[in-house]
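A.B. asks: Have a look at this one before I ask anything.
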Amino acid sequence: MRWFGFGFNAFGQICVHNELSKDEGRDTVSDVKIMNPTELHRNVDKSVCGRNKCLKTSQIRASWSRRVWLHVDGDSCVCLAGFGGTSVVDSSGCTDTVLSETHLTLAFSDRIESWDLQKKEKTPAWSMEIQPPTDTSGPPLSLPLVPGGYIATKPPFYRSLSPHLKAKSLALGAEHAILLSATGAVYTWGLGSHGQLGHGGLTSEEEPRAVEALWGMPMKHVVTGGWHCACISDGADLYIWGWNESGQLGLPSQSLRKGHKEESSQQAAADCQSASINPGGKPLEGEKDKEVFISIQAFPALLDISPSCEIRTVSCGSRHTAAVTATGDLYTWGWGEYGQLGHKNLISTDEPQCVDFFKEQKLYVVDVVCGPWNTFTAVGEEEVKLS
Amino acid sequence: MTALWSKLSAVLPPNEEEFPLQFSDKVESSVVSVLQQSRRQLYSDATSTDRTLTAQIILDLSWEKLNTGTWRDVDKEWRCVYSYGCLFKVAALCREHPSADEILQGIRTCDMGLLMGAAIMDNVLQVLVQILQEEVRKSTKEDEQHNITSTFRVKTERPRVPVIKDEQAVPRIKCPSLESFKSDYLLPLRPVILEATADHWPAFNEHPWSVEYLRSVAGCRTVPVEVGSRYTDEEWSQTLLTVNEFIDQYDGAKAVGYLAQHQLFDQIPELKEDIRIPDYCCLGDGDEDDITVNAWFGPGGTVSPLHQDPQQNFLVQVVGSKYIRLYSPEDTDKLYPHQSSLLHNTSQVEVENPDTERFPEFARAPYLECVLQPGDVLFIPVQHWHYIRSLELSFSVSFWWS
């Protein structure tokens with residue numbers, strides 16, 4: 001698979017343009033904000049990963065200032081780029097990774113390790129042993145899920161989960177979490193102040209609570225952004241909820257439109273606590289005279305990406321969302337000021353737009369992974385199964 | 001170097017080495033490296049674009065942290081980082097021959113730091129904003145100022161001025177002694193209007209407050225404005241406007257904006273000099289520094305729904321008049337407070353249009369009422385329920401003390 005990246009690149013986590021200018025502390029806009037999808041690992045630096053395996057990246061994860069990529073091929077290899085430079089992590093046998101701003105967590109068949117990225121230590125900050133699953137019928141758990149619980153982004157690292165949830169996958173935002181059970185049910189917990197739990201209000205939940213609005217509709221994929229969640233149903237529909245201040249829900253956003261009207265393009269906290277909540281399931285169709293804006297969508301809303309299409313996968317950054325359709329197109333929407341939408345500009349939008357770059361290059365998009373302020377896309381042959 | 005920049009840079013450390021940037025572990029090293037880059041750019045030959053870019057990264061990142069978790073829990077470190085971002089941005093904006101608009105943007109950026117950030121480097125943003133304001137005043141000529149006929153003054157209809165019945169009126173007393181105020185009102189927690197108590201304020205004498213005065217002192221400053229009839233409404237929200245924009249935008253026909261519960265006097269020290277802390281606050285336990293002073297400025301028709309506060313309150317009316325109704329905490333059971341934790345100090349009842357079916361007991365709750373006039377000081381005892389509607393353009397100052 002070939003991977004492309006666009007968006008925030010102040011630490012060279014997508015690509016390093018010019019080593020010299022970095023040393024002098026000079027950032028130009030084009031270095032920091034990558035507006036055009038740029039291929040990763042095109043010029044493979046053999047000294048980084050001596051086995052020329054970087055071309056077969058099977059997984060990418062991104063934090064605010066770094067990117068980690070993993071290729072599983074015989075001896076697996078984990079490489080890190082961004083703040084602190086590029087390096088190879090001692091990781092033979094690694095099957096899965098999670099990257100936060102402070103820690104890199106690696107999964108092996110017999111253990112989980114979390115490394116503190118801010119200290120250059122020779123041993124992981126935390127680790128735990130795991131038993132290889134005796135029941136090998138189901139697919140292996142993916143991080144941050146581990147047998148019996150999950151690994152959090154800050155201590156205490158291991159948190160247990162009730163077995164009755166039958167956790168199949170889990171995504172963690174800064175202050176909230178979404179869990180998909182084996183039956184396709186969705187649970188959320190954490191802070192709810194921006195509607196990101198999808199229960200219809202703004203209250204927080206300490207324990208996983210089922211998202212009742214989705215009851216009876218099995219989901220197959222769940223993800224979180226900074227203050228929003230998205231999930232894909234078995235029928236390949238996209239549901240989304242949470243904060244819409246940058247249009248990250250794909251619903252009309254007043255703060256976004258107001259920001260565009262002002263001459264300066266900054267959108268510093270214009271609405272600190274705006275609370276026009278739409279409790280209804282679907283966004284209201286705008287009447288001709290009065291446009292209805294949604295700043296918080298507290299219940300899941302079905303998002304139709306026009307033209308209507310099946311959604312294959314979705315990923316969320318801090319304030320943007322990216323979705324891949326079954327036909328190999330990438331759609332992005334939300335905050336775009338660092339080029340993370342890939343539309344060759346720095347404009348945020350509350351309407352899902354196709355990333356034309358891949359169409360123009362006749363590339364078939366198969367996967368997308370968002371960092372907080374950037375986006376990474378995998379292209380490949382049609383009908384490649386997602387890992 | 002422009003005259004303006006020499007004034008601004010005089011307030012900043014003379015070189016990189018003397019510019020402090022210390023943070024706790026909460027601020028990740030990647031973020032610190034960007035702050036260090038901004039500091040480097042401040043003292044080097046960087047381009048304005050580069051400086052602005054780096055500052056904006058700091059602002060965008062810290063903005064996200066400020067919006068994570070509840071406001072109370074946000075680590076002060078991140079508010080400091082946000083303020084540094086504002087500082088570097090202002091420096092970038094106002095360095096090389098800034099246009100009038102860039103200076104206004106600089107003022108707005110300082111205000112964002114003052115409103116959302118935490119004080120850094122001896123409250124440097126406060127010093128910078130006053131330099132920039134002075135620059136704006138110098139270049140604003142008389143004829144460019146807004147027309148004096150303030151739209152707030154245009155009354156399209158007479159406000160509904162309630163007639164106060166004597167037996168329900170809040171008692172009025174002129175300049176009581178500290179002892180008699182304490183024994184007759186503070187200890188028994190009885191509301192009272194103190195007349196002639198704020199007469200000496202410069203706000204009534206040397207600098208009589210008016211819309212024009214406010215524009216001249218604070219017109220280009222950014223303040224939080226509540227939008228929506230009352231904070232219990234679904235459509236209620238807060239936005240940020242300059243004082244000029246707030247005054248321009250709202251006409252007398254309906255009140256849809258209210259500069260409410262804002263510590264304006266910390267943000268704009270010139271206004272602080274026009275007011276005085278009521279002497280009676282010394283009867284409390286706390287320090288003068290613990291007294292929270294808020295400004296309440298808006299057109300006629302603004303409503304604060306019936307609610308209670310956890311401290312004693314002196315509400316001083318400076319401009320215009322307000323209708324106020326008070327209920328004792330003993331009658332809370334007839335006032336139907338909201339159940340939610342966010343609003344449990346607020347009644348569900350619309351005081352001047354109560355739904356008697358949903359809230360049958362409300363009509364039986366005894367109350368006191370008044371029309372607060374300029375110069376009046378209303379004592380609202382702690383936990384006393386109060387409902388307030390402005391009858392015309394109004395400016396009040398509240399003092400929360402314990």
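Letters A, B, ... mark the chains of the structure tokens in the order given; residue numbers begin at 1 per chain; ligand numbers begin at 1, in order shown.
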Select from segment 19-178 of chain B everything DSSP, run on the backbone, classes as alpha helix (DSSP H), then give the selection as a PyMOL selection string.

C.D. replies: chain B and resi 29-42+48-66+76-93+100-116+124-139+178

A.B. asks: Write down, as a ChimeraX atom specification, each residue of chain B that has any atom within 9 Å of an atom of chain A, counting only C-alpha atoms.

C.D. replies: /B:28-31,34,37,40-41,46,49-51,53-54,56-57,59-60,63-64,67-70,105,109,112,116,224,234-241

A.B. asks: Skip Leu143 of chain A itself and residues of its chain fewer than 5 positions away, then list as a VMD selection string all residues within 10 Å of it, counting only C-alpha atoms.

C.D. replies: chain A and resid 95 to 98 105 to 107 112 150 to 152 169 to 171

A.B. asks: Next, the residues of the selection above should be written as a CSV table (one decimal), in the first residue's frame with all heavy atoms.

C.D. replies:
chain,number,residue,atom,x,y,z
A,95,THR,N,2.7,-6.2,16.9
A,95,THR,CA,1.6,-6.4,16.0
A,95,THR,C,0.6,-5.2,15.9
A,95,THR,O,-0.2,-5.2,15.1
A,95,THR,CB,0.7,-7.6,16.6
A,95,THR,OG1,0.4,-7.3,17.9
A,95,THR,CG2,1.5,-8.9,16.5
A,96,ASP,N,0.8,-4.3,16.9
A,96,ASP,CA,-0.2,-3.2,16.9
A,96,ASP,C,0.4,-2.0,17.7
A,96,ASP,O,1.3,-2.2,18.6
A,96,ASP,CB,-1.5,-3.7,17.6
A,96,ASP,CG,-2.7,-2.8,17.2
A,96,ASP,OD1,-2.6,-1.9,16.5
A,96,ASP,OD2,-3.8,-3.1,17.7
A,97,THR,N,0.0,-0.8,17.4
A,97,THR,CA,0.5,0.4,18.1
A,97,THR,C,-0.6,1.4,18.4
A,97,THR,O,-1.6,1.4,17.7
A,97,THR,CB,1.6,1.1,17.2
A,97,THR,OG1,0.9,1.7,16.1
A,97,THR,CG2,2.7,0.2,16.8
A,98,VAL,N,-0.3,2.2,19.4
A,98,VAL,CA,-1.1,3.3,19.7
A,98,VAL,C,-0.2,4.5,20.0
A,98,VAL,O,0.8,4.3,20.7
A,98,VAL,CB,-2.1,3.1,20.9
A,98,VAL,CG1,-2.6,4.4,21.5
A,98,VAL,CG2,-3.2,2.2,20.6
A,105,THR,N,2.5,3.1,22.6
A,105,THR,CA,2.2,1.8,23.2
A,105,THR,C,2.3,0.7,22.1
A,105,THR,O,1.8,0.9,21.0
A,105,THR,CB,0.7,1.9,23.7
A,105,THR,OG1,0.7,2.9,24.7
A,105,THR,CG2,0.3,0.5,24.4
A,106,LEU,N,2.9,-0.4,22.4
A,106,LEU,CA,3.2,-1.4,21.5
A,106,LEU,C,2.6,-2.7,22.0
A,106,LEU,O,2.7,-3.0,23.2
A,106,LEU,CB,4.7,-1.7,21.3
A,106,LEU,CG,5.5,-0.4,20.8
A,106,LEU,CD1,7.0,-0.8,20.8
A,106,LEU,CD2,5.1,0.0,19.5
A,107,ALA,N,1.9,-3.5,21.1
A,107,ALA,CA,1.3,-4.8,21.5
A,107,ALA,C,2.2,-5.9,20.8
A,107,ALA,O,2.5,-5.8,19.7
A,107,ALA,CB,-0.1,-4.8,21.0
A,112,ILE,N,2.2,-6.1,26.5
A,112,ILE,CA,1.9,-4.7,26.0
A,112,ILE,C,3.0,-3.8,26.7
A,112,ILE,O,3.3,-4.0,27.9
A,112,ILE,CB,0.6,-4.2,26.5
A,112,ILE,CG1,-0.5,-5.2,26.2
A,112,ILE,CG2,0.2,-2.9,25.8
A,112,ILE,CD1,-1.0,-5.4,24.8
A,150,TYR,N,-8.6,-2.0,28.7
A,150,TYR,CA,-8.0,-1.3,27.6
A,150,TYR,C,-6.8,-0.5,28.2
A,150,TYR,O,-6.7,-0.3,29.4
A,150,TYR,CB,-9.0,-0.3,26.9
A,150,TYR,CG,-9.5,0.8,27.8
A,150,TYR,CD1,-9.0,2.1,27.7
A,150,TYR,CD2,-10.6,0.5,28.6
A,150,TYR,CE1,-9.5,3.1,28.5
A,150,TYR,CE2,-11.2,1.6,29.4
A,150,TYR,CZ,-10.6,2.8,29.3
A,150,TYR,OH,-11.2,3.8,30.1
A,151,ILE,N,-6.0,0.0,27.3
A,151,ILE,CA,-4.8,0.8,27.7
A,151,ILE,C,-5.2,2.3,27.5
A,151,ILE,O,-5.5,2.7,26.3
A,151,ILE,CB,-3.6,0.5,26.8
A,151,ILE,CG1,-3.3,-1.0,26.9
A,151,ILE,CG2,-2.4,1.2,27.4
A,151,ILE,CD1,-3.1,-1.6,28.2
A,152,ALA,N,-5.1,3.1,28.5
A,152,ALA,CA,-5.5,4.5,28.4
A,152,ALA,C,-4.2,5.3,27.9
A,152,ALA,O,-3.1,4.8,27.8
A,152,ALA,CB,-5.9,5.0,29.8
A,169,SER,N,-14.1,-3.3,19.7
A,169,SER,CA,-13.2,-2.3,19.4
A,169,SER,C,-13.5,-1.1,20.2
A,169,SER,O,-14.6,-0.9,20.8
A,169,SER,CB,-13.2,-2.0,17.9
A,169,SER,OG,-14.2,-1.1,17.6
A,170,LEU,N,-12.5,-0.2,20.4
A,170,LEU,CA,-12.5,0.9,21.3
A,170,LEU,C,-11.8,2.1,20.8
A,170,LEU,O,-10.7,1.9,20.2
A,170,LEU,CB,-11.9,0.5,22.7
A,170,LEU,CG,-11.8,1.6,23.7
A,170,LEU,CD1,-13.2,1.9,24.3
A,170,LEU,CD2,-10.9,1.2,24.8
A,171,ALA,N,-12.3,3.3,20.9
A,171,ALA,CA,-11.6,4.4,20.5
A,171,ALA,C,-11.6,5.4,21.6
A,171,ALA,O,-12.6,5.6,22.3
A,171,ALA,CB,-12.2,5.1,19.2

A.B. asks: With only C-alpha atoms as the counted atoms, please give the residues lying no more than 9 Å from Cys94 of chain B, apart from itself and same-chain residues fewer than 3 positions off, as a list in words.

C.D. replies: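 In the requested format, the answer is Leu4, Trp5, Leu8, Lys89, Val90, Ala91, His97, Pro98, Ser99, Glu102, Ile103, Gly106 and Leu132 of chain B.
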
A.B. asks: If you keep N, CA, C and O atoms, can you produce a file of those selected residues as a tab-separated table (two decimals), in the first residue's frame?

C.D. replies:
chain	number	residue	atom	x	y	z
B	4	LEU	N	5.46	52.94	17.63
B	4	LEU	CA	4.62	52.00	18.36
B	4	LEU	C	5.42	50.79	18.82
B	4	LEU	O	5.35	50.38	19.98
B	5	TRP	N	6.22	50.23	17.93
B	5	TRP	CA	6.96	49.04	18.30
B	5	TRP	C	7.97	49.34	19.41
B	5	TRP	O	8.21	48.51	20.28
B	8	LEU	N	6.06	49.09	22.52
B	8	LEU	CA	5.66	47.71	22.84
B	8	LEU	C	6.88	46.91	23.28
B	8	LEU	O	6.82	46.19	24.29
B	89	LYS	N	1.54	36.62	19.11
B	89	LYS	CA	0.74	37.05	17.96
B	89	LYS	C	0.66	38.57	17.89
B	89	LYS	O	0.78	39.16	16.82
B	90	VAL	N	0.44	39.19	19.03
B	90	VAL	CA	0.37	40.65	19.06
B	90	VAL	C	1.69	41.24	18.60
B	90	VAL	O	1.73	42.19	17.81
B	91	ALA	N	2.79	40.65	19.08
B	91	ALA	CA	4.11	41.14	18.68
B	91	ALA	C	4.28	41.03	17.17
B	91	ALA	O	4.82	41.93	16.52
B	97	HIS	N	5.01	48.47	10.90
B	97	HIS	CA	4.03	49.40	10.34
B	97	HIS	C	2.62	48.79	10.27
B	97	HIS	O	2.08	48.59	9.20
B	98	PRO	N	2.07	48.49	11.44
B	98	PRO	CA	0.74	47.88	11.41
B	98	PRO	C	-0.31	48.85	10.91
B	98	PRO	O	-0.25	50.05	11.19
B	99	SER	N	-1.26	48.33	10.17
B	99	SER	CA	-2.38	49.15	9.72
B	99	SER	C	-3.33	49.36	10.90
B	99	SER	O	-3.18	48.72	11.95
B	102	GLU	N	-4.82	46.17	11.81
B	102	GLU	CA	-3.93	45.26	12.52
B	102	GLU	C	-3.81	45.65	13.99
B	102	GLU	O	-3.71	44.78	14.86
B	103	ILE	N	-3.86	46.93	14.26
B	103	ILE	CA	-3.83	47.35	15.66
B	103	ILE	C	-5.10	46.90	16.38
B	103	ILE	O	-5.05	46.43	17.52
B	106	GLY	N	-4.75	43.44	17.11
B	106	GLY	CA	-3.85	43.28	18.24
B	106	GLY	C	-4.59	43.47	19.55
B	106	GLY	O	-4.40	42.72	20.51
B	132	LEU	N	-1.79	49.89	22.91
B	132	LEU	CA	-2.48	49.83	21.61
B	132	LEU	C	-3.73	50.69	21.60
B	132	LEU	O	-4.05	51.34	20.61

A.B. asks: Write out as a list in words which residues come within 8 Å of Met217 of chain A when counting only C-alpha atoms, dropping same-chain ones fewer than 6 positions away.

C.D. replies: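 Residues meeting the cut-off are Gly184, Ala185, Ser233 and Asp234 of chain A.
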
A.B. asks: Figure out the distance between atom CA of Leu66 of chain B and atom CA of Asn244 of chain A, please, to one decimal in Å.

C.D. replies: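 According to the coordinates, atom CA of Asn244 of chain A and atom CA of Leu66 of chain B are separated by 16.6 Å.
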